[in-house]
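One file, target12.cif, carrying mmCIF, C-alpha atoms:
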```
data_target
#
loop_
_atom_site.label_atom_id
_atom_site.label_comp_id
_atom_site.auth_asym_id
_atom_site.auth_seq_id
_atom_site.Cartn_x
_atom_site.Cartn_y
_atom_site.Cartn_z
CA MET A 1 -27.21 -18.34 3.93
CA ASP A 2 -26.11 -21.41 2.05
CA GLY A 3 -26.16 -19.39 -1.20
CA PHE A 4 -22.73 -18.10 -0.23
CA SER A 5 -19.63 -20.17 -0.87
CA VAL A 6 -16.87 -20.60 1.69
CA ASN A 7 -14.76 -18.27 -0.46
CA VAL A 8 -17.27 -15.45 -0.04
CA TRP A 9 -17.18 -15.82 3.76
CA ILE A 10 -13.38 -15.83 3.72
CA ILE A 11 -13.36 -12.68 1.60
CA LEU A 12 -15.85 -10.90 3.86
CA ALA A 13 -13.91 -11.88 6.99
CA ALA A 14 -10.69 -10.64 5.40
CA ALA A 15 -12.45 -7.41 4.43
CA LEU A 16 -13.57 -6.86 8.03
CA ALA A 17 -10.06 -7.61 9.31
CA THR A 18 -8.62 -5.15 6.78
CA TYR A 19 -11.10 -2.43 7.73
CA ALA A 20 -10.17 -3.02 11.37
CA THR A 21 -6.53 -2.25 10.52
CA ARG A 22 -7.56 0.91 8.68
CA ILE A 23 -9.66 2.31 11.51
CA GLY A 24 -7.88 0.69 14.46
CA GLY A 25 -4.75 2.82 14.48
CA HIS A 26 -6.83 5.95 14.74
CA LEU A 27 -9.18 4.56 17.39
CA ILE A 28 -6.30 3.48 19.58
CA LEU A 29 -3.76 6.26 19.07
CA SER A 30 -6.29 9.12 19.11
CA ARG A 31 -6.67 8.50 22.85
CA PHE A 32 -3.26 10.05 23.41
CA GLU A 33 -3.16 13.83 23.65
CA ARG A 34 0.45 14.18 22.60
CA LEU A 35 2.77 11.60 21.09
CA HIS A 36 6.23 10.88 22.45
CA PRO A 37 9.00 11.83 19.97
CA ARG A 38 9.92 8.18 19.61
CA VAL A 39 6.34 7.27 18.75
CA GLU A 40 6.29 10.16 16.31
CA ALA A 41 9.55 8.96 14.71
CA ALA A 42 8.17 5.44 14.55
CA LEU A 43 5.03 6.64 12.78
CA ASN A 44 7.09 8.64 10.31
CA ALA A 45 9.10 5.54 9.50
CA VAL A 46 6.03 3.41 8.81
CA PRO A 47 5.62 3.77 5.05
CA ALA A 48 9.26 3.18 4.17
CA ALA A 49 9.58 0.36 6.71
CA VAL A 50 6.50 -1.51 5.50
CA LEU A 51 6.86 -0.93 1.77
CA THR A 52 10.49 -2.08 1.91
CA THR A 53 9.36 -5.50 3.12
CA LEU A 54 7.16 -5.82 0.04
CA PHE A 55 10.08 -5.65 -2.38
CA ALA A 56 13.33 -6.63 -0.58
CA PRO A 57 12.70 -10.42 -0.48
CA ALA A 58 11.43 -10.35 -4.08
CA ALA A 59 14.73 -8.75 -5.09
CA VAL A 60 16.84 -11.31 -3.26
CA PHE A 61 15.08 -14.66 -3.65
CA ASN A 62 13.81 -14.63 -7.23
CA GLY A 63 17.10 -14.99 -9.08
CA THR A 64 19.98 -13.09 -10.61
CA ALA A 65 17.92 -11.30 -13.26
CA GLU A 66 15.54 -9.96 -10.62
CA ALA A 67 18.33 -8.96 -8.23
CA LEU A 68 20.20 -7.07 -10.96
CA THR A 69 16.98 -5.46 -12.13
CA MET A 70 16.13 -4.18 -8.67
CA ALA A 71 19.63 -2.77 -8.20
CA ALA A 72 19.40 -0.97 -11.55
CA ALA A 73 15.85 0.22 -10.85
CA ILE A 74 16.89 1.75 -7.52
CA LEU A 75 19.57 3.80 -9.32
CA ILE A 76 17.06 4.78 -12.01
CA GLY A 77 14.48 5.67 -9.38
CA LEU A 78 16.85 8.19 -7.82
CA ARG A 79 16.69 10.13 -11.10
CA LEU A 80 13.38 9.41 -12.81
CA PRO A 81 9.72 9.56 -11.77
CA MET A 82 8.01 6.52 -10.36
CA LEU A 83 6.07 5.34 -13.39
CA ALA A 84 9.13 5.56 -15.67
CA THR A 85 11.16 3.65 -13.10
CA VAL A 86 8.57 0.86 -12.94
CA PHE A 87 8.27 0.50 -16.70
CA ILE A 88 12.02 0.66 -17.38
CA GLY A 89 12.56 -1.86 -14.57
CA THR A 90 10.00 -4.18 -16.12
CA ALA A 91 11.71 -3.91 -19.50
CA ILE A 92 15.06 -4.69 -17.87
CA VAL A 93 13.75 -7.80 -16.13
CA VAL A 94 12.23 -9.08 -19.37
CA ALA A 95 15.53 -8.49 -21.19
CA LEU A 96 17.68 -10.08 -18.48
CA ARG A 97 15.40 -13.11 -18.22
CA ALA A 98 15.73 -13.60 -21.97
CA LEU A 99 19.53 -13.35 -21.73
CA MET A 100 20.12 -15.47 -18.63
CA MET B 1 -22.66 20.87 -4.29
CA THR B 2 -20.83 23.94 -3.07
CA VAL B 3 -18.15 25.69 -5.07
CA SER B 4 -15.41 24.86 -2.58
CA PHE B 5 -16.48 21.19 -2.46
CA LYS B 6 -16.22 20.99 -6.23
CA ARG B 7 -12.87 22.79 -6.27
CA ASP B 8 -11.35 20.55 -3.63
CA PHE B 9 -12.83 17.41 -5.19
CA LEU B 10 -11.29 18.32 -8.56
CA ALA B 11 -7.95 19.12 -6.89
CA GLY B 12 -7.98 15.65 -5.37
CA MET B 13 -8.98 14.09 -8.67
CA ARG B 14 -6.00 15.65 -10.41
CA GLN B 15 -3.70 13.91 -7.94
CA CYS B 16 -5.43 10.58 -8.38
CA VAL B 17 -4.44 10.27 -12.05
CA PRO B 18 -0.91 8.89 -11.57
CA VAL B 19 -2.19 6.60 -8.83
CA VAL B 20 -4.91 5.21 -11.08
CA VAL B 21 -2.42 4.70 -13.91
CA ALA B 22 0.14 3.03 -11.64
CA ALA B 23 -2.44 0.77 -10.00
CA ALA B 24 -4.21 -0.25 -13.23
CA PRO B 25 -1.86 -3.10 -14.21
CA PHE B 26 -2.15 -4.53 -10.70
CA GLY B 27 -5.93 -4.26 -10.64
CA LEU B 28 -6.15 -6.09 -13.95
CA LEU B 29 -3.50 -8.60 -12.94
CA PHE B 30 -5.32 -9.32 -9.71
CA GLY B 31 -8.56 -10.09 -11.55
CA ALA B 32 -6.75 -12.35 -14.00
CA LEU B 33 -4.83 -14.24 -11.32
CA ALA B 34 -7.91 -14.58 -9.11
CA VAL B 35 -9.82 -16.42 -11.84
CA ASP B 36 -6.66 -18.41 -12.58
CA ASN B 37 -6.67 -19.52 -8.94
CA GLY B 38 -10.22 -20.77 -9.01
CA LEU B 39 -12.25 -17.76 -7.90
CA THR B 40 -15.35 -16.72 -9.82
CA VAL B 41 -15.53 -13.31 -11.49
CA GLY B 42 -17.98 -12.24 -8.77
CA GLU B 43 -15.62 -13.33 -5.99
CA ALA B 44 -12.71 -11.50 -7.60
CA VAL B 45 -14.76 -8.30 -7.81
CA LEU B 46 -16.00 -8.78 -4.25
CA MET B 47 -12.40 -9.03 -3.08
CA SER B 48 -11.37 -5.81 -4.83
CA ALA B 49 -14.49 -4.02 -3.61
CA THR B 50 -14.38 -5.06 0.05
CA ILE B 51 -10.73 -5.75 0.92
CA TYR B 52 -9.33 -3.08 -1.43
CA ALA B 53 -5.64 -3.71 -0.72
CA GLY B 54 -3.66 -4.98 -3.68
CA ALA B 55 -0.73 -6.81 -2.15
CA SER B 56 -2.94 -8.61 0.37
CA GLN B 57 -5.41 -9.58 -2.34
CA MET B 58 -2.53 -11.16 -4.25
CA VAL B 59 -1.46 -13.06 -1.14
CA GLY B 60 -5.07 -14.12 -0.62
CA ILE B 61 -5.62 -15.60 -4.07
CA ASP B 62 -2.24 -17.29 -3.82
CA LEU B 63 -3.58 -19.19 -0.79
CA PHE B 64 -7.01 -19.88 -2.30
CA ASN B 65 -5.25 -22.02 -4.86
CA GLY B 66 -3.81 -24.37 -2.27
CA SER B 67 -5.42 -26.15 0.62
CA ALA B 68 -4.87 -23.41 3.18
CA ALA B 69 -7.41 -23.27 6.01
CA PRO B 70 -9.87 -20.36 5.82
CA TRP B 71 -8.58 -18.79 9.04
CA LEU B 72 -5.04 -18.88 7.68
CA ILE B 73 -6.09 -16.99 4.55
CA VAL B 74 -7.82 -14.35 6.64
CA LEU B 75 -4.86 -14.09 8.99
CA SER B 76 -2.38 -13.73 6.10
CA ILE B 77 -4.41 -10.93 4.55
CA PHE B 78 -4.60 -9.28 7.97
CA ALA B 79 -0.81 -9.57 8.39
CA VAL B 80 -0.09 -7.97 5.02
CA ASN B 81 -2.54 -5.19 5.83
CA PHE B 82 -1.33 -4.60 9.35
CA ARG B 83 0.63 -1.58 8.14
CA HIS B 84 -2.68 0.26 7.82
CA VAL B 85 -2.87 0.46 11.62
CA LEU B 86 0.02 2.85 11.45
CA TYR B 87 -1.26 4.76 8.40
CA SER B 88 -4.55 5.06 10.25
CA ALA B 89 -2.89 6.55 13.31
CA ALA B 90 -0.95 9.05 11.18
CA VAL B 91 -3.87 10.05 8.95
CA GLY B 92 -6.23 10.23 11.94
CA ARG B 93 -4.29 13.28 13.11
CA ARG B 94 -4.83 14.93 9.72
CA ILE B 95 -8.57 14.32 9.46
CA SER B 96 -9.61 14.81 13.08
CA HIS B 97 -12.07 17.51 11.94
CA PHE B 98 -14.00 15.08 9.69
CA SER B 99 -17.42 13.92 10.92
CA LEU B 100 -17.82 10.34 12.12
CA TRP B 101 -19.22 8.94 8.89
CA GLN B 102 -16.66 10.93 6.86
CA LYS B 103 -13.92 9.28 8.91
CA ALA B 104 -15.56 5.88 8.40
CA VAL B 105 -15.45 6.41 4.63
CA ALA B 106 -11.98 7.96 4.66
CA PHE B 107 -10.46 5.03 6.55
CA PHE B 108 -12.07 2.56 4.17
CA LEU B 109 -10.40 4.37 1.25
CA LEU B 110 -7.02 4.56 3.04
CA ILE B 111 -4.50 2.88 0.73
CA ASP B 112 -0.75 3.47 0.47
CA PRO B 113 -0.78 6.28 -2.13
CA VAL B 114 -3.77 8.02 -0.50
CA TYR B 115 -1.85 7.93 2.77
CA ALA B 116 1.22 9.42 1.07
CA GLU B 117 -0.79 12.18 -0.62
CA THR B 118 -2.65 13.05 2.58
CA GLU B 119 0.63 13.42 4.45
CA ARG B 120 2.12 15.49 1.65
CA ARG B 121 -0.85 17.83 1.40
CA SER B 122 -0.99 18.34 5.16
CA GLU B 123 2.75 19.01 5.30
CA ALA B 124 2.34 21.62 2.56
CA GLY B 125 -0.13 23.41 4.82
CA LYS B 126 -3.06 23.02 2.44
CA SER B 127 -6.55 22.44 3.80
CA MET B 128 -7.47 18.79 4.33
CA THR B 129 -11.13 18.58 3.33
CA PHE B 130 -13.40 15.59 2.88
CA ALA B 131 -14.03 16.78 -0.70
CA TRP B 132 -10.31 16.61 -1.52
CA TYR B 133 -10.00 13.22 0.15
CA LEU B 134 -12.96 11.83 -1.81
CA GLY B 135 -11.55 13.40 -4.97
CA ILE B 136 -8.38 11.36 -4.73
CA GLY B 137 -9.79 8.29 -2.98
CA LEU B 138 -13.01 7.55 -4.83
CA PRO B 139 -11.75 7.39 -8.46
CA VAL B 140 -8.89 5.13 -7.35
CA TYR B 141 -11.37 2.85 -5.60
CA LEU B 142 -13.88 2.70 -8.47
CA SER B 143 -11.22 2.05 -11.09
CA TRP B 144 -9.67 -0.65 -8.87
CA VAL B 145 -12.99 -2.49 -8.70
CA ALA B 146 -13.55 -2.06 -12.45
CA GLU B 147 -10.04 -3.35 -13.19
CA GLY B 148 -10.66 -6.40 -11.02
CA TYR B 149 -13.73 -7.14 -13.12
CA LEU B 150 -12.02 -6.53 -16.46
CA GLY B 151 -8.98 -8.54 -15.43
CA ALA B 152 -11.15 -11.44 -14.30
CA VAL B 153 -13.15 -11.44 -17.54
CA PHE B 154 -10.32 -10.93 -20.00
CA GLY B 155 -7.33 -12.07 -17.98
CA GLY B 156 -7.25 -15.53 -19.48
CA LEU B 157 -5.80 -13.84 -22.55
CA ILE B 158 -2.44 -13.33 -20.80
CA GLU B 159 -0.97 -16.77 -21.18
CA ASN B 160 2.37 -16.26 -19.52
CA PRO B 161 2.74 -13.22 -17.20
CA GLU B 162 6.48 -13.85 -16.63
CA GLU B 163 7.13 -13.29 -20.31
CA PHE B 164 6.10 -9.66 -19.94
CA GLY B 165 7.71 -9.15 -16.54
CA ILE B 166 4.25 -8.51 -15.07
CA ASP B 167 5.06 -10.58 -12.02
CA PHE B 168 7.91 -8.16 -11.17
CA LEU B 169 5.84 -4.97 -11.55
CA LEU B 170 4.65 -5.10 -7.95
CA PRO B 171 8.10 -5.19 -6.26
CA LEU B 172 9.33 -2.42 -8.57
CA TYR B 173 6.28 -0.35 -7.70
CA PHE B 174 6.83 -0.76 -3.96
CA MET B 175 10.52 0.07 -4.32
CA ALA B 176 9.70 3.28 -6.18
CA LEU B 177 7.22 4.22 -3.44
CA VAL B 178 9.96 3.74 -0.83
CA LEU B 179 12.37 5.97 -2.80
CA GLY B 180 9.69 8.66 -2.70
CA PHE B 181 10.14 8.90 1.07
CA ARG B 182 13.92 9.26 0.96
CA SER B 183 14.01 12.81 2.31
CA ARG B 184 12.50 11.67 5.61
CA LYS B 185 14.65 11.62 8.70
CA ASN B 186 16.70 8.41 9.17
CA TRP B 187 15.24 6.99 5.96
CA LEU B 188 18.29 4.91 5.02
CA PRO B 189 18.81 3.08 8.35
CA VAL B 190 15.07 2.37 8.50
CA VAL B 191 14.98 0.98 4.96
CA LEU B 192 18.11 -1.11 5.51
CA ALA B 193 16.74 -2.53 8.77
CA SER B 194 13.39 -3.35 7.17
CA ALA B 195 15.07 -4.91 4.15
CA LEU B 196 17.31 -7.14 6.27
CA GLY B 197 14.47 -7.97 8.64
CA SER B 198 12.08 -8.92 5.86
CA ILE B 199 14.70 -10.95 4.01
CA ALA B 200 15.56 -12.87 7.19
CA GLY B 201 11.86 -13.25 8.02
CA PHE B 202 11.09 -14.53 4.54
CA HIS B 203 13.97 -17.00 4.69
CA PHE B 204 13.51 -18.32 8.23
CA ILE B 205 9.79 -17.99 8.88
CA GLY B 206 8.12 -17.43 5.54
CA SER B 207 5.54 -15.33 3.78
CA PRO B 208 3.53 -13.33 4.76
CA TRP B 209 5.22 -12.85 8.15
CA HIS B 210 8.26 -11.18 6.60
CA VAL B 211 6.07 -8.09 6.13
CA SER B 212 5.25 -7.64 9.80
CA ILE B 213 8.72 -8.72 10.95
CA GLY B 214 10.62 -6.39 8.62
CA ALA B 215 8.26 -3.49 9.33
CA ILE B 216 8.53 -3.89 13.10
CA ILE B 217 12.34 -3.98 12.93
CA GLY B 218 12.49 -0.87 10.71
CA ILE B 219 10.05 1.03 12.91
CA ALA B 220 11.93 -0.04 16.04
CA VAL B 221 15.17 1.30 14.55
CA ALA B 222 13.43 4.62 13.83
CA ALA B 223 12.17 4.82 17.42
CA ILE B 224 15.55 3.88 18.90
CA ILE B 225 17.64 6.38 16.91
CA ALA B 226 15.01 9.13 17.11
CA ASP B 227 16.02 12.60 18.20
CA THR B 228 14.01 13.04 21.40
CA ARG B 229 14.57 16.76 21.85
CA PRO B 230 11.16 18.43 22.13
CA THR B 231 11.46 20.68 19.07
CA GLN B 232 11.47 17.84 16.61
CA ASN B 233 9.07 18.19 13.72
CA MET B 234 7.43 15.77 11.33
CA LYS B 235 9.39 15.39 8.14
CA ALA B 236 7.42 15.63 4.93
CA PRO B 237 7.99 13.37 1.96
CA VAL B 238 9.41 16.34 0.08
CA GLY B 239 10.02 15.71 -3.59
CA SER B 240 8.14 12.47 -3.24
CA GLU B 241 7.96 10.70 -6.56
CA ALA B 242 5.47 8.37 -4.97
CA SER B 243 2.97 11.14 -4.77
CA ARG B 244 3.19 12.63 -8.23
#
```
Write-out of the structure in C-alpha cells:
Amino acid sequence: MDGFSVNVWIILAAALATYATRIGGHLILSRFERLHPRVEAALNAVPAAVLTTLFAPAAVFNGTAEALTMAAAILIGLRLPMLATVFIGTAIVVALRALM
Amino acid sequence: MTVSFKRDFLAGMRQCVPVVVAAAPFGLLFGALAVDNGLTVGEAVLMSATIYAGASQMVGIDLFNGSAAPWLIVLSIFAVNFRHVLYSAAVGRRISHFSLWQKAVAFFLLIDPVYAETERRSEAGKSMTFAWYLGIGLPVYLSWVAEGYLGAVFGGLIENPEEFGIDFLLPLYFMALVLGFRSRKNWLPVVLASALGSIAGFHFIGSPWHVSIGAIIGIAVAAIIADTRPTQNMKAPVGSEASR
C-alpha cells in the first residue's frame, strides 16, 4: 500500500483511536447494572468539565485582549444565545486587538 | 420510509440547524489551516470524514506542521477526544434500545452538540429514536466534511485569520457551550476546578494534556461533592443555549 502517504496512515490511526473513545465508554460502562451516585455525578459533570479545558487556557495565555474578551463574553453569554455570544465576542477581540 | 421515521428525522434536522451554522466557520477554518500546514485537500477531507472531531483535528494539523512523531500526533488527537469516552457512557444509556449497527453509527456521529441534544431530548421525556438521531447527526456530519473540502480549496484566500478574530472563535464557542450547562448540579465548582486544572496543566505540562488533566480534576470534584442519597436524579441542561 505504498500509494498512501504517512499522513494518511496517521489520519486513519487517529480516526480509529477517536472511534474507540466514542464507543468505548458505552462498551465498558454498560456492563454495570446500576451506577453509583458518584459515578452518575461524575458523568453529569463531563461536558462542562471537558469543554472548560478547551477555552480556559486560551483565555489566560493569549494576552490581555483575549482575557478581557472572554470575561466580557461570559457576561454576554449569561444573557444572549450562543451564536450571538460567539459573534459579539469575536467582534470584541478584533476591536481590542486593534486598540491594544 | 415510515411516517414516524420521517417525522422524527425532520424533528432532528430542525435541531441540527444551529449546530451546522455554529460549526461552519470551524469546518471551513479547519480545511484552510490543514492545507496551510502542508496537508493535501484529500487528506484534509479524509480527516474531517474519519476523525470528525473539530478541536482534535485542529490539534492534529498543528502537529503535522512540525516534526512531531506519528505516534505523538495520534496520541494527542486521542487525548483531546478522550472526553468522548464519557459522552459515550452517558449516551449509551439513552440509546440502549438501538440495534447493534444503529449504535455503531450513532457512536460515530457522537460529537459535543449531538451529545448535548441527546441528553436534553431524553430529559424532556421525548422518544429517542434512530431516525431523530440521524436527523440531527447526519446533516452536521455531511456539512462538516463539505466545509473541510471548501475550506481546503478556498482557504488560501484568508490571508490573516487573526485580523478577523477567527482564531478566537473556537474558545468562545466552547465557553458558550459550557454556559449552556449552567443549571446542572454543582456546575460552578466543576467549571472552576476544570479551569484551574487546565490552566495549570497547560502551563506546567503543556498541550494537549491540559484537556485530560483539567477534565479529570473537574469530574473528580463532581464525584467528591456529589449528593450520595439514593433519590438523586440526573439534572438536565435546562435552558441550554448550547442546544438551541
Q. Counting only C-alpha atoms, which residues from chain A have an atom at most 7 Å from any atom of chain B, and could you show them as a VMD selection string?
A. chain A and resid 8 10 to 11 13 to 15 17 to 19 21 to 26 29 37 to 39 41 to 43 45 to 46 48 to 58 77 81 to 83 86 89 to 90 93 to 94
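Comparing the minimum interatomic distances between B:Arg7 and each of B:Tyr141, B:Tyr133, B:Phe30, B:Trp101, counting all atoms listed in the file, we find that B:Tyr133 sits nearest.
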Q: Mind giving me the straight-line distance from atom CA of A:Ile88 to atom CA of A:Ala73 in Å, one decimal?
A: 7.6 Å
Q. Using all atoms listed in the file, which of the listed residues (A:Thr85, A:Thr64, A:Leu35, A:Met70) sits closest to A:Leu99?
A. A:Thr64
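What separates atom CA of B:Ala32 from atom CA of B:Asn160 is a distance of 11.4 Å.
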**Q.** Reference answer for the PyMOL selection byres ((chain B and resi 153) around 12), as a list of chain:residue names
**A.** B:Leu28, B:Leu29, B:Phe30, B:Gly31, B:Ala32, B:Leu33, B:Ala34, B:Val35, B:Asp36, B:Leu39, B:Thr40, B:Val41, B:Gly42, B:Glu43, B:Ala44, B:Val45, B:Ala146, B:Glu147, B:Gly148, B:Tyr149, B:Leu150, B:Gly151, B:Ala152, B:Phe154, B:Gly155, B:Gly156, B:Leu157, B:Ile158
Once 8 Å is added on each side, what centre and edge lengths in Å to one decimal does the axis-aligned box around all listed atoms of stretch 114-124 of chain B have, as JSON?
```
{"center_x": -0.5, "center_y": 14.8, "center_z": 2.3, "size_x": 22.5, "size_y": 29.7, "size_z": 21.9}
```
Q.
Report, in Å to a single decimal, how far apart atom CA of B:His97 and atom CA of B:Arg121 are.
A.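 It comes out at 15.4 Å.
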Q.
Report as a list in words all protein, DNA and RNA residues lying within 6 Å of B:Trp132, evaluated on all atoms listed in the file, omitting residues in the same chain fewer than 5 positions from it.
A. Asp8, Phe9 and Gly12 of chain B
Q: Using all atoms listed in the file, find the one residue out of B:Leu10, B:Val59, B:Ala68, B:Cys16 that sits nearest to B:Gly137.
A: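 When distances to B:Gly137 are compared using all atoms listed in the file, the smallest one comes from B:Cys16.
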From the structure just shown, export stretch 9-26 of chain B with C-alpha atoms as a tab-separated table (two decimals), in the first residue's frame.
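So the final result, stored in out_37.tsv, reads:
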```
chain	number	residue	atom	x	y	z
B	9	PHE	CA	-35.85	12.58	11.16
B	10	LEU	CA	-37.27	16.02	10.37
B	11	ALA	CA	-37.54	16.84	14.09
B	12	GLY	CA	-33.85	16.03	14.44
B	13	MET	CA	-33.00	18.04	11.35
B	14	ARG	CA	-34.66	21.12	12.78
B	15	GLN	CA	-32.35	20.92	15.79
B	16	CYS	CA	-29.28	20.47	13.64
B	17	VAL	CA	-29.59	23.91	12.03
B	18	PRO	CA	-27.93	25.98	14.79
B	19	VAL	CA	-25.25	23.30	15.16
B	20	VAL	CA	-24.48	23.39	11.44
B	21	VAL	CA	-24.34	27.19	11.47
B	22	ALA	CA	-22.13	27.30	14.56
B	23	ALA	CA	-19.77	24.62	13.26
B	24	ALA	CA	-19.47	26.01	9.71
B	25	PRO	CA	-16.72	28.56	10.41
B	26	PHE	CA	-14.68	25.87	12.16
```
